[in-house]
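Shown below: protein.pdb, with PDB, C-alpha atoms, pLDDT in the B column.
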ATOM      1  CA  MET C   1      23.641 -17.485   8.275  1.00 73.00           C
ATOM      2  CA  LYS C   2      22.592 -20.853   9.676  1.00 81.00           C
ATOM      3  CA  ASN C   3      19.110 -20.282   8.254  1.00 86.00           C
ATOM      4  CA  GLN C   4      20.642 -20.399   4.775  1.00 87.00           C
ATOM      5  CA  LEU C   5      22.183 -23.761   5.570  1.00 90.00           C
ATOM      6  CA  LYS C   6      18.896 -25.111   6.952  1.00 92.00           C
ATOM      7  CA  SER C   7      16.956 -23.793   3.972  1.00 92.00           C
ATOM      8  CA  SER C   8      19.536 -25.223   1.602  1.00 94.00           C
ATOM      9  CA  ILE C   9      19.225 -28.659   3.178  1.00 95.00           C
ATOM     10  CA  LEU C  10      15.415 -28.438   3.070  1.00 96.00           C
ATOM     11  CA  PHE C  11      15.400 -27.477  -0.613  1.00 96.00           C
ATOM     12  CA  PHE C  12      17.920 -30.214  -1.380  1.00 96.00           C
ATOM     13  CA  CYS C  13      15.706 -32.827   0.360  1.00 96.00           C
ATOM     14  CA  LEU C  14      12.659 -31.566  -1.551  1.00 96.00           C
ATOM     15  CA  GLY C  15      14.678 -31.789  -4.760  1.00 95.00           C
ATOM     16  CA  ILE C  16      15.558 -35.409  -4.014  1.00 96.00           C
ATOM     17  CA  ALA C  17      11.900 -36.190  -3.270  1.00 96.00           C
ATOM     18  CA  PHE C  18      10.816 -34.647  -6.573  1.00 95.00           C
ATOM     19  CA  LEU C  19      13.633 -36.485  -8.363  1.00 95.00           C
ATOM     20  CA  ILE C  20      12.311 -39.767  -7.005  1.00 96.00           C
ATOM     21  CA  LEU C  21       8.786 -38.807  -8.097  1.00 94.00           C
ATOM     22  CA  ALA C  22      10.144 -37.882 -11.551  1.00 93.00           C
ATOM     23  CA  PHE C  23      11.605 -41.383 -11.902  1.00 94.00           C
ATOM     24  CA  ILE C  24       8.464 -43.062 -10.564  1.00 94.00           C
ATOM     25  CA  PHE C  25       6.171 -41.059 -12.863  1.00 92.00           C
ATOM     26  CA  PRO C  26       8.224 -40.402 -16.024  1.00 88.00           C
ATOM     27  CA  ASN C  27       5.203 -39.141 -17.993  1.00 88.00           C
ATOM     28  CA  ILE C  28       4.536 -36.284 -15.561  1.00 86.00           C
ATOM     29  CA  SER C  29       7.117 -33.681 -16.517  1.00 87.00           C
ATOM     30  CA  ILE C  30       6.219 -31.142 -13.821  1.00 92.00           C
ATOM     31  CA  PHE C  31       8.250 -33.127 -11.314  1.00 92.00           C
ATOM     32  CA  VAL C  32      11.378 -32.521 -13.395  1.00 92.00           C
ATOM     33  CA  GLY C  33      10.663 -28.784 -13.211  1.00 93.00           C
ATOM     34  CA  PHE C  34      10.261 -29.034  -9.443  1.00 94.00           C
ATOM     35  CA  VAL C  35      13.626 -30.821  -9.267  1.00 95.00           C
ATOM     36  CA  GLY C  36      15.310 -27.868 -10.960  1.00 94.00           C
ATOM     37  CA  GLY C  37      13.237 -25.450  -8.907  1.00 94.00           C
ATOM     38  CA  CYS C  38      14.529 -27.039  -5.699  1.00 95.00           C
ATOM     39  CA  PHE C  39      18.120 -27.864  -6.589  1.00 95.00           C
ATOM     40  CA  GLY C  40      18.851 -24.402  -8.042  1.00 94.00           C
ATOM     41  CA  PRO C  41      18.024 -22.433  -4.869  1.00 95.00           C
ATOM     42  CA  ALA C  42      19.630 -25.147  -2.713  1.00 95.00           C
ATOM     43  CA  ILE C  43      22.934 -24.762  -4.519  1.00 95.00           C
ATOM     44  CA  LEU C  44      22.727 -20.956  -4.400  1.00 94.00           C
ATOM     45  CA  MET C  45      21.955 -20.905  -0.659  1.00 94.00           C
ATOM     46  CA  LEU C  46      24.746 -23.373   0.070  1.00 94.00           C
ATOM     47  CA  TYR C  47      27.167 -21.205  -1.911  1.00 94.00           C
ATOM     48  CA  LYS C  48      26.087 -18.093   0.005  1.00 92.00           C
ATOM     49  CA  TYR C  49      26.451 -19.917   3.313  1.00 93.00           C
ATOM     50  CA  LEU C  50      29.974 -21.098   2.475  1.00 93.00           C
ATOM     51  CA  TYR C  51      30.925 -17.665   1.110  1.00 93.00           C
ATOM     52  CA  TRP C  52      29.749 -15.677   4.143  1.00 91.00           C
ATOM     53  CA  ARG C  53      31.024 -18.222   6.661  1.00 92.00           C
ATOM     54  CA  LYS C  54      34.574 -17.336   5.614  1.00 92.00           C
ATOM     55  CA  ARG C  55      33.865 -13.591   5.947  1.00 92.00           C
ATOM     56  CA  PRO C  56      31.968 -13.010   9.235  1.00 91.00           C
ATOM     57  CA  GLU C  57      32.981  -9.337   9.613  1.00 93.00           C
ATOM     58  CA  GLU C  58      31.802  -8.471   6.115  1.00 94.00           C
ATOM     59  CA  TYR C  59      28.590 -10.406   6.740  1.00 91.00           C
ATOM     60  CA  GLU C  60      27.798  -8.413   9.880  1.00 92.00           C
ATOM     61  CA  GLU C  61      28.384  -5.160   7.973  1.00 93.00           C
ATOM     62  CA  LYS C  62      26.174  -6.387   5.117  1.00 91.00           C
ATOM     63  CA  ILE C  63      23.353  -7.313   7.529  1.00 90.00           C
ATOM     64  CA  LYS C  64      23.657  -3.899   9.216  1.00 92.00           C
ATOM     65  CA  ASN C  65      23.479  -2.071   5.863  1.00 90.00           C
ATOM     66  CA  ASP C  66      20.571  -4.239   4.695  1.00 88.00           C
ATOM     67  CA  THR C  67      18.651  -3.427   7.879  1.00 88.00           C
ATOM     68  CA  ILE C  68      19.227   0.299   7.383  1.00 88.00           C
ATOM     69  CA  GLU C  69      18.120   0.041   3.735  1.00 83.00           C
ATOM     70  CA  LEU C  70      15.046  -1.992   4.671  1.00 81.00           C
ATOM     71  CA  TYR C  71      13.709   0.549   7.144  1.00 83.00           C
ATOM     72  CA  ASP C  72      14.608   3.714   5.221  1.00 84.00           C
ATOM     73  CA  GLU C  73      11.406   5.815   5.100  1.00 85.00           C
ATOM     74  CA  ARG C  74      11.977   7.141   1.592  1.00 85.00           C
ATOM     75  CA  LYS C  75      12.524   3.641   0.213  1.00 82.00           C
ATOM     76  CA  GLU C  76       9.450   2.352   2.051  1.00 83.00           C
ATOM     77  CA  MET C  77       7.389   5.084   0.397  1.00 86.00           C
ATOM     78  CA  ILE C  78       8.837   4.260  -3.031  1.00 88.00           C
ATOM     79  CA  ARG C  79       8.168   0.534  -2.505  1.00 84.00           C
ATOM     80  CA  GLY C  80       4.564   1.320  -1.574  1.00 86.00           C
ATOM     81  CA  LYS C  81       4.037   3.451  -4.671  1.00 90.00           C
ATOM     82  CA  ALA C  82       5.720   0.848  -6.885  1.00 90.00           C
ATOM     83  CA  LEU C  83       3.418  -1.819  -5.501  1.00 88.00           C
ATOM     84  CA  ARG C  84       0.379   0.362  -6.126  1.00 88.00           C
ATOM     85  CA  VAL C  85       1.390   1.060  -9.728  1.00 90.00           C
ATOM     86  CA  SER C  86       2.204  -2.588 -10.429  1.00 90.00           C
ATOM     87  CA  THR C  87      -1.139  -3.652  -8.939  1.00 90.00           C
ATOM     88  CA  LEU C  88      -3.015  -1.170 -11.123  1.00 91.00           C
ATOM     89  CA  VAL C  89      -1.126  -2.334 -14.227  1.00 92.00           C
ATOM     90  CA  ASN C  90      -1.895  -5.945 -13.276  1.00 91.00           C
ATOM     91  CA  TRP C  91      -5.610  -5.127 -12.943  1.00 90.00           C
ATOM     92  CA  CYS C  92      -5.619  -3.381 -16.320  1.00 93.00           C
ATOM     93  CA  LEU C  93      -3.955  -6.366 -17.978  1.00 93.00           C
ATOM     94  CA  LEU C  94      -6.404  -8.754 -16.322  1.00 92.00           C
ATOM     95  CA  SER C  95      -9.312  -6.630 -17.524  1.00 92.00           C
ATOM     96  CA  ILE C  96      -7.975  -6.670 -21.079  1.00 94.00           C
ATOM     97  CA  PHE C  97      -7.443 -10.421 -20.831  1.00 92.00           C
ATOM     98  CA  ILE C  98     -11.035 -10.925 -19.624  1.00 91.00           C
ATOM     99  CA  VAL C  99     -12.434  -8.965 -22.560  1.00 92.00           C
ATOM    100  CA  THR C 100     -10.154 -10.773 -25.031  1.00 92.00           C
ATOM    101  CA  ILE C 101     -11.128 -14.238 -23.812  1.00 92.00           C
ATOM    102  CA  ALA C 102     -14.828 -13.283 -23.786  1.00 90.00           C
ATOM    103  CA  LEU C 103     -14.600 -12.041 -27.380  1.00 91.00           C
ATOM    104  CA  LEU C 104     -12.737 -15.155 -28.498  1.00 90.00           C
ATOM    105  CA  GLY C 105     -15.497 -17.222 -26.922  1.00 89.00           C
ATOM    106  CA  GLN C 106     -18.238 -15.194 -28.587  1.00 88.00           C
ATOM    107  CA  PHE C 107     -16.638 -15.541 -32.035  1.00 87.00           C
ATOM    108  CA  GLY C 108     -16.203 -19.283 -31.571  1.00 87.00           C
ATOM    109  CA  ILE C 109     -12.421 -19.298 -31.642  1.00 90.00           C
ATOM    110  CA  ILE C 110     -12.446 -20.769 -28.127  1.00 89.00           C
ATOM    111  CA  ASP C 111     -15.252 -22.991 -26.912  1.00 90.00           C
ATOM    112  CA  ASN C 112     -17.836 -20.721 -25.282  1.00 84.00           C
ATOM    113  CA  GLU C 113     -18.168 -22.915 -22.163  1.00 87.00           C
ATOM    114  CA  ILE C 114     -14.410 -22.956 -21.593  1.00 91.00           C
ATOM    115  CA  SER C 115     -14.099 -19.208 -22.145  1.00 90.00           C
ATOM    116  CA  ARG C 116     -16.908 -18.608 -19.657  1.00 90.00           C
ATOM    117  CA  TYR C 117     -15.034 -20.559 -16.956  1.00 93.00           C
ATOM    118  CA  ILE C 118     -11.763 -18.786 -17.759  1.00 92.00           C
ATOM    119  CA  VAL C 119     -13.435 -15.359 -17.618  1.00 91.00           C
ATOM    120  CA  MET C 120     -15.199 -16.195 -14.350  1.00 94.00           C
ATOM    121  CA  GLY C 121     -11.941 -17.452 -12.825  1.00 94.00           C
ATOM    122  CA  ILE C 122      -9.960 -14.386 -13.827  1.00 92.00           C
ATOM    123  CA  ALA C 123     -12.755 -12.046 -12.750  1.00 92.00           C
ATOM    124  CA  GLY C 124     -12.926 -13.856  -9.402  1.00 93.00           C
ATOM    125  CA  TYR C 125      -9.188 -13.438  -8.979  1.00 92.00           C
ATOM    126  CA  TRP C 126      -9.416  -9.741  -9.900  1.00 90.00           C
ATOM    127  CA  LEU C 127     -12.254  -9.155  -7.441  1.00 92.00           C
ATOM    128  CA  THR C 128     -10.538 -11.126  -4.671  1.00 92.00           C
ATOM    129  CA  SER C 129      -7.308  -9.168  -5.066  1.00 90.00           C
ATOM    130  CA  PHE C 130      -9.248  -5.884  -4.972  1.00 89.00           C
ATOM    131  CA  VAL C 131     -11.144  -6.843  -1.819  1.00 92.00           C
ATOM    132  CA  ILE C 132      -8.004  -8.118  -0.098  1.00 91.00           C
ATOM    133  CA  MET C 133      -6.171  -4.902  -0.957  1.00 87.00           C
ATOM    134  CA  GLN C 134      -8.969  -2.812   0.558  1.00 89.00           C
ATOM    135  CA  ILE C 135      -9.081  -4.945   3.712  1.00 92.00           C
ATOM    136  CA  ILE C 136      -5.309  -4.748   4.184  1.00 88.00           C
ATOM    137  CA  TYR C 137      -5.339  -0.988   3.543  1.00 85.00           C
ATOM    138  CA  LYS C 138      -8.011  -0.416   6.200  1.00 89.00           C
ATOM    139  CA  TRP C 139      -6.234  -2.719   8.646  1.00 88.00           C
ATOM    140  CA  LEU C 140      -2.906  -0.940   8.148  1.00 83.00           C
ATOM    141  CA  SER C 141      -4.614   2.478   8.421  1.00 84.00           C
ATOM    142  CA  LYS C 142      -5.983   1.518  11.827  1.00 86.00           C
ATOM    143  CA  LYS C 143      -2.681  -0.018  12.912  1.00 80.00           C
ATOM    144  CA  TYR C 144      -0.537   3.004  12.017  1.00 74.00           C
TER     145      TYR C 144
END
Go ahead and express the file in the form of structure tokens.
Amino acid sequence: MKNQLKSSILFFCLGIAFLILAFIFPNISIFVGFVGGCFGPAILMLYKYLYWRKRPEEYEEKIKNDTIELYDERKEMIRGKALRVSTLVNWCLLSIFIVTIALLGQFGIIDNEISRYIVMGIAGYWLTSFVIMQIIYKWLSKKY
């Protein structure tokens, strides 16, 4: 429970830092997004901390149930299969995106040099994710 308070304070401090940067550099709008991205979770974590601090018995029961749910073998298997399916769908979408960008570059809709860099970047990401998945799979197979 105290971790939520610490995390909330950390996110709040980061939000203040990005708010200062947003005022220093008003033309760079990404800092405003980071302000919202830090203050939102900070407020949510602070709310959760204050909520559960008033209900310690319910919090202990919730943590116990969450631990049981986390290590349930059936749910672990389902999570693994869901991750595999989502990874395969992601790879299919990336492959379609690579072909689309390459065709747009070939027909001159996008500058050919830019499309080449985009295709190489996406293909590099696709290949890296595939290699990392294989390495992790082999490492986990040896571990378990």
### Query
Distance atom CA of Ser95 of chain C-atom CA of Val119 of chain C, one decimal place?
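Distance between the two atoms: 9.7 Å.
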### Task
Could you give me, as a list of chain:residue names, the residues that have an atom at most 12 Å away from the point (-8.7, -7.3, -14.1) in the coordinates of the file, using all atoms listed in the file?
C:Thr87, C:Leu88, C:Val89, C:Asn90, C:Trp91, C:Cys92, C:Leu93, C:Leu94, C:Ser95, C:Ile96, C:Phe97, C:Ile98, C:Val99, C:Thr100, C:Val119, C:Met120, C:Gly121, C:Ile122, C:Ala123, C:Gly124, C:Tyr125, C:Trp126, C:Leu127, C:Thr128, C:Ser129, C:Phe130
### Query
Taking the file as shown, what set of residues would the PyMOL selection byres ((chain C and resi 1-6) around 10) give back, as a list of chain:residue names?
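Going through the file, the PyMOL selection byres ((chain C and resi 1-6) around 10) ends up selecting C:Ser7, C:Ser8, C:Ile9, C:Leu10, C:Phe11, C:Phe12, C:Ala42, C:Leu44, C:Met45, C:Leu46, C:Tyr47, C:Lys48, C:Tyr49, C:Leu50, C:Trp52, C:Arg53, C:Pro56, C:Tyr59.
When atom CA of Leu83 of chain C is paired with atom CA of Ile136 of chain C, their separation reads 13.4 Å.
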### Query
In terms of the shortest atom-to-atom distance over all atoms listed in the file, which of C:Leu14, C:Ala22, C:Gln134, C:Thr67 is closest to Arg84 of chain C?
C:Gln134
Box dimensions and centre (Å, one decimal) enclosing segment 51-60 of chain C, axis-aligned, 8 Å extra per side, as AutoDock Vina command-line options:
--center_x 31.2 --center_y -13.3 --center_z 5.5 --size_x 22.8 --size_y 25.8 --size_z 24.8
### Task
Quote the spacing between atom CA of Glu58 of chain C and atom CA of Pro41 of chain C in Å to one decimal place.
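These two atoms are separated by 22.5 Å.
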### Summary
Counting all atoms listed in the file, the residue among C:Ile132, C:Cys38, C:Gly105, C:Pro26 that lies closest to Cys13 of chain C is C:Cys38
### Query
If we count only C-alpha atoms, what is near Val35 of chain C at a cut-off of 8 Å, once residues fewer than 6 positions away on the same chain are taken out, given as a list in words?
Leu14, Gly15, Ile16, Phe18 and Leu19 of chain C
